[in-house]
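Student: What follows is data_13.cif, mmCIF, C-alpha atoms.
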data_work
#
loop_
_atom_site.label_atom_id
_atom_site.label_comp_id
_atom_site.auth_asym_id
_atom_site.auth_seq_id
_atom_site.Cartn_x
_atom_site.Cartn_y
_atom_site.Cartn_z
CA MET C 1 50.78 -39.50 7.95
CA ALA C 2 52.75 -36.76 9.62
CA ASN C 3 53.60 -36.86 13.31
CA LEU C 4 51.20 -34.82 15.37
CA THR C 5 52.07 -33.64 18.85
CA VAL C 6 49.70 -32.45 21.55
CA ARG C 7 51.13 -28.95 21.08
CA GLN C 8 50.53 -28.99 17.32
CA PHE C 9 47.00 -30.16 17.90
CA ILE C 10 46.28 -27.33 20.34
CA GLU C 11 47.92 -24.69 18.17
CA GLY C 12 46.57 -25.89 14.85
CA LYS C 13 43.03 -26.66 15.71
CA GLY C 14 41.92 -24.28 13.00
CA ARG C 15 38.48 -22.86 12.65
CA ILE C 16 36.86 -24.77 15.47
CA ASP C 17 37.69 -23.57 18.96
CA LEU C 18 37.69 -26.38 21.48
CA GLN C 19 37.93 -23.74 24.23
CA MET C 20 40.79 -25.48 25.96
CA ARG C 21 43.13 -24.20 28.67
CA LEU C 22 46.27 -25.89 29.96
CA LEU C 23 46.20 -26.66 33.69
CA ALA C 24 49.30 -28.78 34.21
CA GLY C 25 51.89 -31.00 32.59
CA GLU C 26 53.35 -28.47 30.19
CA GLY C 27 56.45 -30.64 29.83
CA GLY C 28 54.44 -33.25 27.95
CA LEU C 29 53.16 -31.03 25.17
CA ASP C 30 55.49 -32.57 22.63
CA LYS C 31 54.08 -36.06 23.08
CA GLU C 32 52.86 -37.60 19.88
CA ILE C 33 49.17 -38.23 19.28
CA LYS C 34 49.18 -41.61 17.57
CA TYR C 35 45.49 -42.37 17.40
CA GLY C 36 42.48 -40.32 16.43
CA GLU C 37 40.40 -41.87 19.20
CA THR C 38 39.50 -40.82 22.69
CA ASN C 39 39.16 -42.84 25.89
CA ARG C 40 36.78 -42.36 28.81
CA PRO C 41 38.86 -43.48 31.81
CA GLY C 42 35.89 -44.44 33.99
CA LEU C 43 36.83 -48.09 34.31
CA ALA C 44 40.44 -47.23 35.11
CA LEU C 45 39.34 -44.84 37.85
CA ALA C 46 37.26 -47.66 39.32
CA GLY C 47 40.42 -49.72 39.53
CA PHE C 48 40.13 -51.80 36.37
CA PHE C 49 43.30 -51.12 34.40
CA ASP C 50 43.17 -54.10 32.01
CA HIS C 51 43.00 -52.82 28.44
CA PHE C 52 43.52 -49.25 29.68
CA ALA C 53 44.06 -47.22 26.49
CA PHE C 54 46.47 -44.79 28.14
CA ASP C 55 47.96 -43.72 24.80
CA ARG C 56 44.69 -42.08 23.75
CA ILE C 57 43.41 -38.71 24.85
CA GLN C 58 41.61 -39.23 28.17
CA ILE C 59 38.28 -37.44 28.47
CA PHE C 60 37.02 -36.78 32.00
CA GLY C 61 33.35 -35.93 31.78
CA GLN C 62 30.79 -35.35 34.51
CA GLY C 63 30.59 -39.07 35.27
CA GLU C 64 34.31 -39.44 35.87
CA THR C 65 34.63 -36.29 37.97
CA ALA C 66 31.59 -37.18 40.11
CA PHE C 67 33.09 -40.61 40.71
CA MET C 68 36.43 -39.12 41.74
CA GLU C 69 34.75 -36.71 44.13
CA GLN C 70 32.90 -39.37 46.07
CA LEU C 71 36.07 -41.40 46.66
CA THR C 72 37.75 -41.15 50.04
CA GLU C 73 40.99 -39.16 50.07
CA GLU C 74 42.95 -42.38 50.44
CA ALA C 75 41.19 -44.27 47.66
CA ARG C 76 41.55 -41.30 45.33
CA LEU C 77 45.29 -41.13 45.94
CA ARG C 78 45.60 -44.83 45.20
CA VAL C 79 43.74 -44.40 41.91
CA TYR C 80 45.89 -41.39 40.95
CA GLU C 81 49.06 -43.31 41.70
CA GLU C 82 48.06 -46.18 39.48
CA PHE C 83 46.60 -43.94 36.78
CA PHE C 84 49.79 -41.89 36.56
CA SER C 85 52.00 -44.96 36.55
CA TYR C 86 51.00 -45.26 32.91
CA ASP C 87 52.47 -42.96 30.30
CA VAL C 88 49.10 -41.28 29.74
CA LEU C 89 48.99 -39.14 26.60
CA CYS C 90 46.94 -36.25 27.94
CA CYS C 91 43.82 -35.56 30.02
CA ILE C 92 40.93 -33.30 29.24
CA PHE C 93 38.28 -32.21 31.72
CA THR C 94 35.10 -31.04 30.07
CA HIS C 95 32.45 -28.70 31.55
CA GLU C 96 35.30 -26.50 32.84
CA TYR C 97 35.88 -28.84 35.75
CA ILE C 98 39.15 -28.27 37.58
CA PRO C 99 40.61 -31.43 39.15
CA ASP C 100 42.11 -31.31 42.65
CA SER C 101 45.68 -30.19 43.21
CA ARG C 102 46.91 -33.72 43.83
CA PHE C 103 45.88 -34.70 40.33
CA LEU C 104 47.63 -31.67 38.85
CA ASP C 105 50.79 -32.34 40.89
CA PHE C 106 50.95 -35.87 39.54
CA ALA C 107 50.45 -34.55 36.01
CA ASP C 108 53.24 -32.00 36.39
CA LYS C 109 55.59 -34.60 37.82
CA ARG C 110 54.87 -37.11 35.09
CA ASN C 111 54.71 -34.51 32.31
CA ILE C 112 51.18 -35.38 31.29
CA PRO C 113 49.31 -32.37 29.90
CA VAL C 114 45.98 -31.65 31.57
CA PHE C 115 43.47 -29.32 29.95
CA LEU C 116 40.03 -28.12 30.76
CA SER C 117 37.46 -27.32 28.14
CA LYS C 118 34.29 -25.26 28.31
CA ARG C 119 32.62 -27.72 25.98
CA THR C 120 30.34 -30.53 27.06
CA THR C 121 31.75 -34.03 26.79
CA THR C 122 29.78 -35.22 23.77
CA ARG C 123 30.37 -31.99 21.89
CA PHE C 124 34.07 -32.07 22.71
CA ILE C 125 34.49 -35.64 21.48
CA THR C 126 32.55 -34.96 18.27
CA LEU C 127 34.65 -31.89 17.48
CA PHE C 128 37.88 -33.59 18.49
CA VAL C 129 37.27 -36.54 16.16
CA HIS C 130 36.34 -34.15 13.36
CA ILE C 131 39.50 -32.07 13.77
CA ILE C 132 41.84 -35.00 14.30
CA ASP C 133 40.45 -36.84 11.26
CA GLU C 134 41.29 -33.89 9.10
CA MET C 135 44.75 -33.51 10.63
CA PHE C 136 45.51 -37.20 10.20
CA SER C 137 44.19 -37.32 6.66
CA GLU C 138 46.47 -38.16 3.76
CA SER C 139 47.09 -35.31 1.38
CA VAL C 140 48.40 -34.80 -2.13
CA THR C 141 48.89 -31.77 -4.35
CA LEU C 142 47.57 -32.13 -7.88
CA HIS C 143 48.17 -30.10 -10.98
CA ALA C 144 44.51 -29.47 -11.73
CA THR C 145 41.73 -26.93 -11.41
CA LEU C 146 38.74 -27.44 -9.14
CA VAL C 147 35.36 -25.85 -9.77
CA ASP C 148 32.02 -26.26 -8.01
CA VAL C 149 29.59 -26.81 -10.88
CA PHE C 150 25.93 -26.99 -9.81
CA GLY C 151 27.10 -28.19 -6.42
CA VAL C 152 29.26 -30.96 -7.89
CA GLY C 153 33.02 -30.71 -7.32
CA VAL C 154 34.56 -31.09 -10.78
CA LEU C 155 38.31 -31.57 -10.98
CA LEU C 156 39.63 -30.40 -14.35
CA THR C 157 42.87 -32.11 -15.30
CA GLY C 158 44.97 -32.22 -18.43
CA LYS C 159 48.29 -31.03 -19.73
CA SER C 160 49.23 -27.40 -19.37
CA GLY C 161 47.92 -25.32 -22.22
CA VAL C 162 44.92 -27.52 -22.90
CA GLY C 163 42.54 -24.94 -21.45
CA LYS C 164 41.78 -25.84 -17.84
CA SER C 165 41.88 -22.27 -16.60
CA GLU C 166 39.95 -20.95 -19.61
CA THR C 167 37.28 -23.57 -18.98
CA ALA C 168 37.19 -22.54 -15.33
CA LEU C 169 36.83 -18.88 -16.32
CA GLU C 170 33.90 -19.63 -18.61
CA LEU C 171 32.31 -21.72 -15.85
CA ILE C 172 32.72 -18.83 -13.38
CA GLU C 173 31.12 -16.54 -15.95
CA ARG C 174 28.18 -18.92 -16.07
CA GLY C 175 27.71 -18.63 -12.30
CA HIS C 176 29.80 -21.52 -10.99
CA ARG C 177 32.45 -21.23 -8.33
CA LEU C 178 36.22 -21.53 -8.41
CA VAL C 179 37.92 -23.50 -5.66
CA ALA C 180 41.50 -23.72 -6.93
CA ASP C 181 43.38 -23.08 -10.15
CA ASP C 182 46.30 -25.17 -11.36
CA MET C 183 47.19 -26.48 -7.91
CA VAL C 184 44.71 -28.37 -5.80
CA VAL C 185 45.49 -29.66 -2.34
CA VAL C 186 43.48 -32.84 -1.89
CA LYS C 187 42.83 -34.42 1.48
CA LYS C 188 41.32 -37.82 2.12
CA ILE C 189 39.06 -36.92 5.02
CA ASP C 190 37.35 -40.26 5.20
CA GLU C 191 37.54 -43.55 3.34
CA SER C 192 35.04 -42.17 0.85
CA LEU C 193 35.62 -38.42 0.82
CA LEU C 194 38.19 -36.38 -1.05
CA MET C 195 38.24 -32.70 -0.16
CA GLY C 196 39.96 -30.26 -2.48
CA ALA C 197 41.15 -26.76 -1.64
CA SER C 198 43.48 -24.12 -2.94
CA SER C 199 46.87 -23.47 -1.42
CA GLU C 200 46.52 -20.53 0.97
CA LEU C 201 48.89 -18.51 -1.22
CA LEU C 202 47.07 -18.86 -4.54
CA LYS C 203 43.54 -18.70 -3.22
CA HIS C 204 40.97 -17.15 -5.59
CA HIS C 205 43.46 -16.43 -8.35
CA LEU C 206 43.40 -17.66 -11.90
CA GLU C 207 45.97 -17.43 -14.64
CA ILE C 208 44.68 -16.83 -18.14
CA ARG C 209 47.16 -16.75 -20.97
CA GLY C 210 47.09 -13.32 -22.50
CA LEU C 211 45.61 -11.71 -19.41
CA GLY C 212 47.98 -12.90 -16.76
CA ILE C 213 46.95 -13.49 -13.17
CA ILE C 214 43.50 -12.30 -12.21
CA ASN C 215 41.74 -12.14 -8.87
CA VAL C 216 38.46 -13.96 -9.36
CA LYS C 217 36.99 -12.83 -6.05
CA GLU C 218 37.60 -9.17 -6.83
CA ILE C 219 36.38 -9.35 -10.43
CA PHE C 220 33.40 -11.65 -10.11
CA GLY C 221 32.56 -11.25 -6.44
CA ILE C 222 32.06 -13.49 -3.48
CA ARG C 223 29.56 -15.76 -5.23
CA SER C 224 32.24 -16.86 -7.68
CA ILE C 225 34.50 -18.57 -5.18
CA ARG C 226 34.46 -21.18 -2.50
CA ASN C 227 37.19 -22.35 -0.18
CA ARG C 228 36.89 -26.09 -0.42
CA LYS C 229 34.80 -28.65 -2.17
CA ARG C 230 34.40 -32.38 -2.22
CA ILE C 231 35.76 -33.88 -5.45
CA GLU C 232 33.01 -35.91 -7.09
CA ILE C 233 34.03 -36.16 -10.73
CA VAL C 234 37.25 -35.81 -12.71
CA THR C 235 37.37 -34.54 -16.26
CA VAL C 236 40.49 -35.03 -18.33
CA LEU C 237 40.81 -32.43 -21.06
CA GLU C 238 43.02 -33.54 -23.91
CA GLU C 239 43.85 -32.56 -27.46
CA TRP C 240 41.52 -34.31 -29.88
CA ASP C 241 43.28 -37.46 -31.02
CA SER C 242 41.57 -38.86 -34.09
CA ALA C 243 43.21 -42.23 -33.54
CA LYS C 244 41.74 -42.56 -30.07
CA GLU C 245 38.34 -44.04 -29.26
CA TYR C 246 36.27 -41.73 -27.10
CA ASP C 247 33.32 -42.87 -25.03
CA ARG C 248 30.22 -42.65 -27.17
CA LEU C 249 27.76 -44.40 -24.89
CA GLY C 250 28.61 -43.68 -21.27
CA LEU C 251 27.73 -47.25 -20.30
CA ASP C 252 31.08 -47.99 -18.72
CA GLU C 253 32.29 -45.84 -15.91
CA ASP C 254 36.01 -45.17 -15.89
CA LYS C 255 37.77 -44.39 -12.64
CA TYR C 256 40.49 -41.96 -11.70
CA THR C 257 42.42 -42.82 -8.57
CA ILE C 258 43.38 -40.15 -6.06
CA LEU C 259 44.91 -41.28 -2.75
CA ASP C 260 43.63 -44.82 -3.42
CA LEU C 261 40.06 -43.63 -3.85
CA ASP C 262 38.23 -44.05 -7.15
CA VAL C 263 36.46 -41.07 -8.66
CA PRO C 264 34.40 -41.28 -11.88
CA VAL C 265 36.32 -39.78 -14.77
CA ILE C 266 35.32 -38.58 -18.20
CA THR C 267 37.76 -37.72 -20.94
CA ILE C 268 36.78 -34.69 -22.99
CA PRO C 269 38.57 -34.21 -26.29
CA VAL C 270 39.25 -30.54 -26.95
CA ARG C 271 38.83 -29.19 -30.47
CA PRO C 272 38.10 -25.72 -31.75
CA GLY C 273 34.37 -25.17 -31.82
CA ARG C 274 33.59 -27.59 -29.00
CA ASN C 275 32.02 -25.82 -26.08
CA ILE C 276 33.93 -27.43 -23.23
CA PRO C 277 32.26 -25.54 -20.33
CA VAL C 278 28.82 -26.73 -21.48
CA ILE C 279 30.09 -30.30 -21.68
CA VAL C 280 31.56 -29.98 -18.17
CA GLU C 281 28.25 -28.55 -16.88
CA THR C 282 26.34 -31.40 -18.43
CA ALA C 283 28.79 -33.94 -17.02
CA ALA C 284 28.22 -32.47 -13.56
CA LEU C 285 24.45 -32.65 -13.94
CA ASN C 286 24.67 -36.17 -15.31
CA GLN C 287 26.75 -37.13 -12.27
CA ARG C 288 24.02 -35.76 -10.00
CA LEU C 289 21.43 -37.68 -11.94
CA LYS C 290 23.45 -40.89 -11.59
CA LYS C 291 23.60 -40.33 -7.84
CA THR C 292 19.82 -40.27 -7.73
CA GLY C 293 19.86 -43.61 -9.51
CA ILE C 294 19.17 -42.52 -13.07
CA ASN C 295 21.66 -43.68 -15.67
CA ALA C 296 20.57 -42.38 -19.06
CA ALA C 297 22.80 -44.63 -21.15
CA ARG C 298 21.79 -47.76 -19.27
CA GLU C 299 18.11 -46.90 -19.38
CA LEU C 300 18.11 -46.22 -23.10
CA ASP C 301 19.96 -49.50 -23.58
CA GLU C 302 17.33 -51.34 -21.53
CA ARG C 303 14.55 -49.74 -23.58
CA ILE C 304 16.13 -50.79 -26.84
CA LYS C 305 16.71 -54.33 -25.59
CA LYS C 306 13.05 -54.56 -24.52
CA TRP C 307 11.92 -53.26 -27.88
CA ILE C 308 14.08 -55.79 -29.69
CA ILE C 309 12.46 -58.62 -27.74
CA SER C 310 8.86 -57.44 -28.12
CA GLU C 311 8.71 -55.65 -31.46
CA GLY C 312 11.82 -56.66 -33.27
CA GLY C 313 11.08 -60.35 -32.74
CA LYS C 314 7.82 -60.20 -34.67
CA MET O 315 63.79 -38.97 -17.30
CA VAL O 316 66.20 -36.40 -15.94
CA GLU O 317 66.20 -35.26 -12.35
CA LYS O 318 68.48 -32.71 -10.70
CA GLU O 319 68.51 -30.86 -7.42
CA VAL O 320 69.19 -27.20 -6.82
CA VAL O 321 69.11 -24.88 -3.82
CA VAL O 322 67.52 -21.50 -4.45
CA ASN O 323 69.72 -18.64 -3.30
CA SER O 324 67.95 -15.56 -4.60
CA ASP O 325 66.90 -13.40 -1.67
CA ALA O 326 63.48 -12.66 -3.12
CA GLY O 327 62.71 -16.34 -3.72
CA ILE O 328 60.77 -17.32 -6.81
CA HIS O 329 58.09 -14.67 -7.13
CA ALA O 330 56.03 -13.81 -10.19
CA ARG O 331 58.74 -12.72 -12.61
CA PRO O 332 61.24 -15.52 -11.99
CA ALA O 333 58.33 -18.00 -12.14
CA MET O 334 57.38 -16.57 -15.50
CA MET O 335 60.96 -16.99 -16.75
CA ILE O 336 60.90 -20.67 -15.82
CA VAL O 337 57.47 -21.26 -17.35
CA ARG O 338 58.25 -19.35 -20.52
CA GLU O 339 61.31 -21.47 -21.14
CA ALA O 340 59.49 -24.69 -20.24
CA MET O 341 56.74 -23.95 -22.77
CA LYS O 342 59.32 -24.08 -25.56
CA TYR O 343 59.96 -27.76 -24.86
CA PRO O 344 57.63 -30.66 -25.60
CA CYS O 345 58.72 -32.58 -22.49
CA ASP O 346 56.87 -32.68 -19.16
CA ILE O 347 58.54 -30.69 -16.42
CA THR O 348 57.94 -30.94 -12.70
CA LEU O 349 59.32 -28.84 -9.86
CA ILE O 350 59.30 -30.56 -6.50
CA LYS O 351 59.66 -28.90 -3.12
CA ASP O 352 59.11 -30.82 0.13
CA ASN O 353 57.35 -33.62 -1.78
CA VAL O 354 54.88 -31.18 -3.33
CA GLU O 355 54.93 -31.35 -7.11
CA ALA O 356 54.24 -28.42 -9.40
CA ASP O 357 53.89 -28.32 -13.16
CA GLY O 358 56.79 -26.29 -14.54
CA LYS O 359 54.57 -25.07 -17.36
CA SER O 360 52.04 -23.43 -15.05
CA ILE O 361 52.74 -20.07 -13.41
CA MET O 362 50.17 -20.69 -10.66
CA SER O 363 51.59 -24.09 -9.95
CA VAL O 364 55.18 -22.78 -9.65
CA LEU O 365 54.07 -19.82 -7.51
CA GLY O 366 52.09 -22.20 -5.31
CA LEU O 367 55.28 -23.95 -4.26
CA ALA O 368 56.21 -20.82 -2.30
CA ILE O 369 59.90 -21.12 -3.07
CA ILE O 370 62.05 -18.95 -0.84
CA SER O 371 65.77 -18.45 -0.49
CA GLY O 372 67.19 -21.68 0.85
CA SER O 373 64.47 -23.89 -0.61
CA ARG O 374 65.72 -27.17 -2.01
CA LEU O 375 64.15 -27.92 -5.37
CA VAL O 376 64.13 -31.04 -7.48
CA ILE O 377 63.69 -30.38 -11.20
CA ARG O 378 62.39 -33.38 -13.09
CA ALA O 379 61.75 -33.59 -16.82
CA ASP O 380 60.62 -36.40 -19.02
CA GLY O 381 60.51 -36.42 -22.80
CA GLU O 382 62.07 -34.63 -25.71
CA GLY O 383 64.55 -31.94 -24.67
CA ALA O 384 64.43 -32.92 -20.99
CA PRO O 385 68.19 -32.68 -20.22
CA GLU O 386 68.52 -29.26 -21.88
CA LEU O 387 65.50 -27.84 -20.11
CA VAL O 388 66.58 -29.08 -16.68
CA ASP O 389 70.05 -27.62 -17.20
CA TYR O 390 68.63 -24.29 -18.36
CA ILE O 391 66.34 -23.97 -15.33
CA ILE O 392 69.15 -24.85 -12.97
CA LYS O 393 71.33 -22.23 -14.67
CA LEU O 394 68.52 -19.68 -14.30
CA ILE O 395 68.19 -20.37 -10.61
CA GLU O 396 71.93 -20.46 -9.96
CA ASN O 397 72.44 -17.16 -11.82
CA ASP O 398 69.69 -15.51 -9.82
CA PHE O 399 67.51 -15.24 -12.96
CA ARG O 400 69.96 -12.94 -14.70
CA ILE O 401 70.75 -14.61 -17.99
#
Take the structure in the file and give it back as structure tokens.
Tutor:
Amino acid sequence: MANLTVRQFIEGKGRIDLQMRLLAGEGGLDKEIKYGETNRPGLALAGFFDHFAFDRIQIFGQGETAFMEQLTEEARLRVYEEFFSYDVLCCIFTHEYIPDSRFLDFADKRNIPVFLSKRTTTRFITLFVHIIDEMFSESVTLHATLVDVFGVGVLLTGKSGVGKSETALELIERGHRLVADDMVVVKKIDESLLMGASSELLKHHLEIRGLGIINVKEIFGIRSIRNRKRIEIVTVLEEWDSAKEYDRLGLDEDKYTILDLDVPVITIPVRPGRNIPVIVETAALNQRLKKTGINAARELDERIKKWIISEGGK
Amino acid sequence: MVEKEVVVNSDAGIHARPAMMIVREAMKYPCDITLIKDNVEADGKSIMSVLGLAIISGSRLVIRADGEGAPELVDYIIKLIENDFRI
């Protein structure tokens, strides 16, 4: 996990605009955000500082600000003094609320960044957690091609020259969408979600031996591409090896591990005359079917076992 | 396994043509070849992969090869880079 500072968070928030503006404490912008969680400082403001999670981002919503406003000048100052005696990471006031000048003076003195946001508290926290999760997520770059096939993210792997890009091209021709060719940046967004995307530089391009580099978006149009896709199945393309046993039943599910997460994998032997894109399409559909609880191999097996007991036993 | 480090000095970095020169040579060898920049690994036999590393002048590259012909291939690629792709 890379270090993330308050400044990097503000500058790199990406597509979602948290509508934040810095009010004070500019000197603390290079503080490191260590946790992806927020804290509502209500209890601290009421004087209870046990377990005060000062190293989280402090969110001041309408409740907190209303509480601060009804305090007497003297009580408020006491609270501020104690609050700012901690090395607070940063404070955010939602609903565009601007705290009093005393608060901002303290923040400047102690180098604690204070922001206001136009967002409501709940919305801000939801978006914040979403953004921070993605920023904190582990990432790896894989030599593979990622295609959205019938809404299933299929990662095509295999040695160079085995036909990953050609398979992707045929899939695009058949109406599926390219995410990344030959280099996929994978992020573990959540304990169960792997998101794949292209590097910004290579986006929407494909290299086909004999043709060279082509721009898929320009040739096939906007429907042929997508920017990111969850990886749900891995296919390993490999030269047909007659000595190797390939899965003939599909009863056992093999796993491919990416960033410590297991993804179902199928190995597809490549041989002239085998229509790989159709096999990949079918694998994607079969994966969808499995997700709805239908496992063809297992069900056929059950049927045969039943038949053996009832009919075969006679 | 052979692993060597090289600093890229060509002003234009590794754009399409130099990438092709690396890949074309790599394809002649049976061994696996990996180019590594800032912990990001690229397959030395894939143009897209090599281009995706965004190698610029000053980039530090690790060239790693494993298998038959690995030492020769690594040396050739390093020579290519050091001679500014004029061989």
Student: Go through chain O and flag each residue having an atom no more than 8 Å from chain C; for those, report the closest pair of atoms plus their distance in Å to one decimal, using all atoms listed in the file, ordered by chain and rising number, as JSON lines.
Tutor:
{"residue": "O:Val354", "atom": "CA", "partner": "C:Thr141", "partner_atom": "CA", "distance": 6.1}
{"residue": "O:Glu355", "atom": "CA", "partner": "C:Thr141", "partner_atom": "CA", "distance": 6.7}
{"residue": "O:Ala356", "atom": "CA", "partner": "C:His143", "partner_atom": "CA", "distance": 6.5}
{"residue": "O:Asp357", "atom": "CA", "partner": "C:His143", "partner_atom": "CA", "distance": 6.4}
{"residue": "O:Lys359", "atom": "CA", "partner": "C:Ser160", "partner_atom": "CA", "distance": 6.2}
{"residue": "O:Ser360", "atom": "CA", "partner": "C:Ser160", "partner_atom": "CA", "distance": 6.5}
{"residue": "O:Ile361", "atom": "CA", "partner": "C:Glu207", "partner_atom": "CA", "distance": 7.4}
{"residue": "O:Met362", "atom": "CA", "partner": "C:Asp182", "partner_atom": "CA", "distance": 6.0}
{"residue": "O:Ser363", "atom": "CA", "partner": "C:Met183", "partner_atom": "CA", "distance": 5.4}
{"residue": "O:Leu365", "atom": "CA", "partner": "C:Leu202", "partner_atom": "CA", "distance": 7.7}
{"residue": "O:Gly366", "atom": "CA", "partner": "C:Leu202", "partner_atom": "CA", "distance": 6.1}
{"residue": "O:Ala368", "atom": "CA", "partner": "C:Leu201", "partner_atom": "CA", "distance": 7.8}
Student: Applied to the shown file, which residues does the PyMOL selection byres ((chain O and resi 323-338) around 8) return, written as a PDB file with C-alpha atoms, in the coordinates of the input?
Tutor:
ATOM      1  CA  VAL O 321      69.110 -24.880  -3.820  1.00  0.00           C
ATOM      2  CA  VAL O 322      67.520 -21.500  -4.450  1.00  0.00           C
ATOM      3  CA  GLU O 339      61.310 -21.470 -21.140  1.00  0.00           C
ATOM      4  CA  ALA O 340      59.490 -24.690 -20.240  1.00  0.00           C
ATOM      5  CA  MET O 341      56.740 -23.950 -22.770  1.00  0.00           C
ATOM      6  CA  LYS O 342      59.320 -24.080 -25.560  1.00  0.00           C
ATOM      7  CA  GLY O 358      56.790 -26.290 -14.540  1.00  0.00           C
ATOM      8  CA  LYS O 359      54.570 -25.070 -17.360  1.00  0.00           C
ATOM      9  CA  SER O 360      52.040 -23.430 -15.050  1.00  0.00           C
ATOM     10  CA  ILE O 361      52.740 -20.070 -13.410  1.00  0.00           C
ATOM     11  CA  VAL O 364      55.180 -22.780  -9.650  1.00  0.00           C
ATOM     12  CA  LEU O 365      54.070 -19.820  -7.510  1.00  0.00           C
ATOM     13  CA  ALA O 368      56.210 -20.820  -2.300  1.00  0.00           C
ATOM     14  CA  ILE O 369      59.900 -21.120  -3.070  1.00  0.00           C
ATOM     15  CA  ILE O 370      62.050 -18.950  -0.840  1.00  0.00           C
ATOM     16  CA  SER O 371      65.770 -18.450  -0.490  1.00  0.00           C
ATOM     17  CA  GLY O 372      67.190 -21.680   0.850  1.00  0.00           C
ATOM     18  CA  SER O 373      64.470 -23.890  -0.610  1.00  0.00           C
ATOM     19  CA  ILE O 391      66.340 -23.970 -15.330  1.00  0.00           C
ATOM     20  CA  LEU O 394      68.520 -19.680 -14.300  1.00  0.00           C
ATOM     21  CA  ILE O 395      68.190 -20.370 -10.610  1.00  0.00           C
ATOM     22  CA  GLU O 396      71.930 -20.460  -9.960  1.00  0.00           C
ATOM     23  CA  ASP O 398      69.690 -15.510  -9.820  1.00  0.00           C
ATOM     24  CA  PHE O 399      67.510 -15.240 -12.960  1.00  0.00           C
TER      25      PHE O 399
END
Student: Please provide as a ChimeraX atom specification all residues within 9 Å of stretch 91-102 of chain C, with the sequence filter that same-chain residues fewer than 6 positions apart are discarded (counting all atoms listed in the file).
Tutor: /C:20,23,57-62,65,77,80,112-121,124
Student: Could you expand the PyMOL selection byres ((chain C and resi 250) around 9) into the explicit residues it covers here, written as JSON, numbers by chain?
Tutor: {"C": [247, 248, 249, 251, 252, 253, 266, 295, 296, 297, 298]}
Student: Got a sec: who's within 6 Å of O:Ile377, counting all atoms listed in the file, leaving out chain neighbours fewer than 5 positions off, as a list in words?
Tutor: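 Everything that qualifies: Glu317, Lys318, Thr348 and Leu349 of chain O.
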Student: What do you get, as a list in words, if you spell out every residue that the PyMOL selection byres ((chain C and resi 55) around 9) selects here?
Tutor: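 Applying the PyMOL selection byres ((chain C and resi 55) around 9) to the structure shown produces Ile33, Lys34, Tyr35, Asn39, Phe52, Ala53, Phe54, Arg56, Ile57, Gln58, Tyr86, Asp87, Val88, Leu89 and Cys90 of chain C.
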Student: Report, in Å with one decimal, the straight-line distance from atom CA of C:Thr257 to atom CA of C:Ile189.
Tutor: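 If I compute the distance from atom CA of C:Thr257 to atom CA of C:Ile189, I get 15.2 Å.
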Student: Hey, what's within 6 Å of O:Leu375 if we count all atoms listed in the file and toss same-chain stuff fewer than 5 positions away? As a list in words, please?
Tutor: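 The filter keeps Glu319, Val320, Ile350 and Lys351 of chain O.
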Student: For the residues in the current selection, export C-alpha atoms as a PDB file, keeping the file's coordinate frame.
Tutor:
ATOM      1  CA  GLU O 319      68.510 -30.860  -7.420  1.00  0.00           C
ATOM      2  CA  VAL O 320      69.190 -27.200  -6.820  1.00  0.00           C
ATOM      3  CA  ILE O 350      59.300 -30.560  -6.500  1.00  0.00           C
ATOM      4  CA  LYS O 351      59.660 -28.900  -3.120  1.00  0.00           C
TER       5      LYS O 351
END
